[in-house]
Amino acid sequence: MKTKNKNPWGGRFDAAPAELLQQLSCSVHFDRRLYAQDIRGSVAHARMLKSIGVLSASELKAIEDGLKQIQALIESGKFRWKDELEDVHMNIEAALTKITPAGAKLHTGRSRNDQVATDMRLWMKDEIDALVQLIGALQTALISFAEREREILIPGYTHLQRAQPVYLAHHLLAYVEMLERDKGRMLDARQRADVLPLGSGALAGSTLPLDRDFVAKELDFKKVSSNSLDAVSDRDFIAEFLFAGALLGVHLSRLAEDFILWASAEFRFVEIGDQYTTGSSLMPQKKNPDVAELVRGKSGRLNANLVSLLTLLKGLPMTYNRDLQEDKEPMFDTADTLRISLQVFAGMVQETRAIAESCQKAVSDPLLMATDIADRLVEEGIPFRQAHEIVGKGVALAQKRQIPLSDLKLADWQEINPQVTVECLNVFQPEEALKLRKMKGAPNLKLIQKEVSRWKRVLKSD
Ligand code: ARG
C-alpha cells in the first residue's frame, strides 16, 4: 500500500498531477470570489445533513464554527489559498477538514457540480439586486438633469441631421425608458437564477435521502430544480445575465455618444464638470470626455462576454463538462464593468450642465419647423403629400436665395401654392410648436413634467 499520495483526487491516483495541468486547471484565483456563497451553501447543506441524521448536532456545530472561522480568515486576508487545491470549493473543504474531522462528512451527497451551480446562482441573485439599484441611481441622475434643464430645447436628430425641436428633458427621459427595460431584463434573469441545483449530485442525484426543500428554504431559493442533469449543466441564467448586461452596455454607449457629441465644440450643448473630464498631456486647451468614451468602449467587452459564454455552451454534451469552469470570468467581468460604468456615469451626469445659448442657437434653425408648416397646410385641407412638396419647394427657394426659411414672404409661398395662408407660416416659435403636440409620448413641456413626476414616484417606490 502506498503511504504517500500527493494527488488531491484520492485513492485512484498514483502520481501527482503534472505542473502544467495544475496551471491549466486552477481557478481559485478567480472563483475565490464565490467564497461567501460557497460557505452559505455548505452551512445549508450541513444543516440538512443533520436533519436527515448524517451529521450529529456536535458535528454540525463544529462544521458551522469551522466555516465561520474560515470566512473570517478569508475576509481578513489571512486565508492561505492553495493553487494545488484547484478551486474555491476544495480550498474551503480542505481547510475545514483540518479544523474539524467532521469536515470530511460535509461533501456527503454533494458534488462540486451542483455546488458550483448553487454558488453562482446565489452570487448572481445578489449581484443583480445591486446592479438594479445602480441602474436606478443613473435614472435618478438623468431625471434630475432633465428637471434642472427643463426649459432647454435642442434639435432632435435623425441620421444625425437636425430634424425637429425637442426638449433636452425628453431626450434624457428616452434613456430612462431604456434603463427601465434593462432593469426588467436583469430581474427576469434573476427569476431564472432563483432555482436550487444542490441535491442533484454530480448529475444523478443521490441514494441518500437528501431534503432539497430544506436546503432551498435555508438558501432562500424560490424553487428546486426538476431535472438533475439539467441542474448541473444549465448556464442559461448566466447567458441571460450577460445578454441583459450587453444590452445595458449598448444603451450606455449610446448615451455616452450623445454626451461626447454634445460636449464637442461643434455642438456645445453641454459642459461636463472638471471632475469627470481629462486633459491632454500635450495640448493645454483640451478637455476630453474620457468617462463617456471609456463607457462607450466597455460595451465591447460586455458584448464579448456574452459571445464568449454562448460559444462555450454551444455543442456541449450532457451534462457537466469542465469547459463550464470558463463561465465565471465573463460573468464577473460583466458585473464589474457594469458597476463602475453605471456609477461613474451617474456621477458625470450630476456634474453636467446644459449651455443654454448654444442649445437655443441650434434649435432656432427655422428649417426644423418645415414639418410643422406642412401640418398647417394639411389643416388648410391640402393632402399631406402635396403639402410636403410645397414646403420642399419653399426650402429650396430659401436655400437658393441664401436666406433662412422664416424670411420667405407670404407672397413667395403663395407663388408656390396660393393656398398657403399667413397662419401656415406662424410656426417659427419652437416652444409654441411643442405645445401643439399633445399626444401621449410627445415632447410637450407639460407632458414631460408629468413624466418626470411619474418617474420620480416609480424610482422612489423601487
Ligand atoms: N471549478 C469547477 C467549475 O467551476 C468546479 C466543478 C468541478 N467539477 C468537476 N467535476 N471537475 O466548474
# chains A, B, ... in the order shown; residues from 1 in each chain; ligands from 1

call {"tool": "select_by_dssp", "arguments": {"residues": "stretch 28-67 of chain A", "states": "alpha helix (DSSP H)", "output": "number ranges by chain"}}
result
A: 28-31, 35-51, 57-67

call {"tool": "residues_near_ligand", "arguments": {"ligand": "ligand 1", "cutoff": "12 Å", "atoms": "only C-alpha atoms and all ligand atoms", "output": "compact mmCIF listing (two decimals) with C-alpha atoms, in the first residue's frame"}}
result
# COMPACT_ATOMS: atom_id res chain seq x y z
CA PRO A 8 -5.82 15.61 -4.35
CA TRP A 9 -8.19 13.26 -6.17
CA LEU A 24 -4.48 24.98 -16.62
CA SER A 25 -6.95 23.62 -14.15
CA CYS A 26 -6.61 26.09 -11.33
CA SER A 27 -9.48 28.53 -10.93
CA VAL A 28 -9.06 29.61 -7.35
CA HIS A 29 -7.54 32.95 -8.35
CA PHE A 30 -10.91 33.97 -9.76
CA ASP A 31 -13.54 31.70 -8.21
CA ARG A 32 -12.47 32.62 -4.66
CA ARG A 33 -14.90 35.48 -5.20
CA LEU A 34 -17.61 32.92 -4.52
CA ASP A 38 -19.82 28.64 -1.05
CA ASP A 83 -3.44 26.59 -6.17
CA LEU A 85 -6.39 22.56 -4.43
CA GLU A 86 -7.73 23.93 -7.68
CA ASP A 87 -10.82 25.89 -6.75
CA VAL A 88 -12.66 27.71 -4.00
CA HIS A 89 -14.68 24.62 -3.08
CA MET A 90 -11.70 22.31 -2.49
CA ASN A 91 -9.79 25.03 -0.66
CA ARG A 110 -22.82 16.63 -2.90
CA SER A 111 -20.65 17.17 -5.96
CA ARG A 112 -18.77 20.25 -6.96
CA ASN A 113 -21.05 20.21 -9.99
CA ASP A 114 -24.20 21.02 -8.05
CA GLN A 115 -22.15 23.03 -5.55
CA VAL A 116 -20.67 25.45 -8.08
CA ALA A 117 -24.01 25.90 -9.84
CA THR A 118 -25.56 26.78 -6.47
CA ASP A 119 -22.79 29.23 -5.61
CA MET A 120 -23.13 31.05 -8.90
CA GLY A 201 -25.15 15.44 -7.11
CA ALA A 202 -22.64 15.06 -9.92
CA LEU A 203 -25.52 14.51 -12.35
CA VAL A 232 -25.68 20.68 -13.13
CA SER A 233 -25.18 21.79 -16.72
CA ASP A 234 -27.61 24.71 -17.09
CA ARG A 235 -25.92 28.07 -17.51
CA THR A 319 -24.07 17.10 -18.53
CA TYR A 320 -21.31 18.89 -16.63
CA ASN A 321 -18.14 19.40 -18.64
CA ARG A 322 -15.05 21.09 -17.35
CA ASP A 323 -15.43 23.70 -20.08
CA LEU A 324 -18.04 25.20 -17.79
CA GLN A 325 -15.34 26.46 -15.46
CA GLU A 326 -14.83 29.15 -18.12
CA ASP A 327 -18.25 30.60 -17.35
CA LYS A 328 -17.11 32.62 -14.36
CA GLU A 329 -14.70 35.20 -15.71

call {"tool": "residues_around", "arguments": {"residues": "stretch 214-216 of chain A", "least_positions_apart": "5", "cutoff": "10 Å", "atoms": "only C-alpha atoms", "output": "ChimeraX atom specification"}}
result
/A:41-49,51,194-199,221-225

call {"tool": "write_last_selection", "arguments": {"atoms": "C-alpha atoms", "output": "PDB file, in the first residue's frame"}}
result
ATOM      1  CA  GLY A  41     -24.267  26.742   0.649  1.00  0.00           C
ATOM      2  CA  SER A  42     -22.160  24.477   2.839  1.00  0.00           C
ATOM      3  CA  VAL A  43     -23.875  25.627   6.032  1.00  0.00           C
ATOM      4  CA  ALA A  44     -27.288  24.925   4.487  1.00  0.00           C
ATOM      5  CA  HIS A  45     -26.133  21.536   3.210  1.00  0.00           C
ATOM      6  CA  ALA A  46     -24.680  20.631   6.623  1.00  0.00           C
ATOM      7  CA  ARG A  47     -27.893  21.641   8.406  1.00  0.00           C
ATOM      8  CA  MET A  48     -29.824  19.434   6.031  1.00  0.00           C
ATOM      9  CA  LEU A  49     -27.382  16.541   6.617  1.00  0.00           C
ATOM     10  CA  SER A  51     -31.788  16.920   9.757  1.00  0.00           C
ATOM     11  CA  ASP A 194     -33.706  31.540  -8.435  1.00  0.00           C
ATOM     12  CA  VAL A 195     -33.740  27.731  -8.651  1.00  0.00           C
ATOM     13  CA  LEU A 196     -31.729  25.432  -6.373  1.00  0.00           C
ATOM     14  CA  PRO A 197     -29.443  22.894  -8.125  1.00  0.00           C
ATOM     15  CA  LEU A 198     -27.923  21.461  -4.907  1.00  0.00           C
ATOM     16  CA  GLY A 199     -29.075  17.889  -4.326  1.00  0.00           C
ATOM     17  CA  PHE A 221     -34.386  29.813  -3.358  1.00  0.00           C
ATOM     18  CA  LYS A 222     -37.911  30.042  -4.775  1.00  0.00           C
ATOM     19  CA  LYS A 223     -37.764  26.663  -6.495  1.00  0.00           C
ATOM     20  CA  VAL A 224     -35.905  23.368  -6.539  1.00  0.00           C
ATOM     21  CA  SER A 225     -34.632  22.175  -9.935  1.00  0.00           C
TER      22      SER A 225
END

call {"tool": "atom_distance", "arguments": {"atom1": "atom CA of A:Lys460", "atom2": "atom CA of A:Leu242"}}
result
27.0 Å

call {"tool": "select_by_dssp", "arguments": {"residues": "stretch 69-225 of chain A", "states": "strand (DSSP E or B)", "output": "JSON, numbers by chain"}}
result
{"A": [153, 154, 155, 156, 157, 158, 161, 162, 163, 164, 165, 166, 167, 195, 196, 223, 224]}

call {"tool": "atom_distance", "arguments": {"atom1": "atom CA of A:Asn426", "atom2": "atom CA of A:Lys393"}}
result
17.8 Å

call {"tool": "closest_residue", "arguments": {"among": "A:Ala346, A:Met186, A:Met318, A:Leu67", "to": "A:Ala256", "atoms": "only C-alpha atoms"}}
result
A:Ala346

call {"tool": "atom_distance", "arguments": {"atom1": "atom CA of A:Arg121", "atom2": "atom CA of A:Ala193"}}
result
5.4 Å
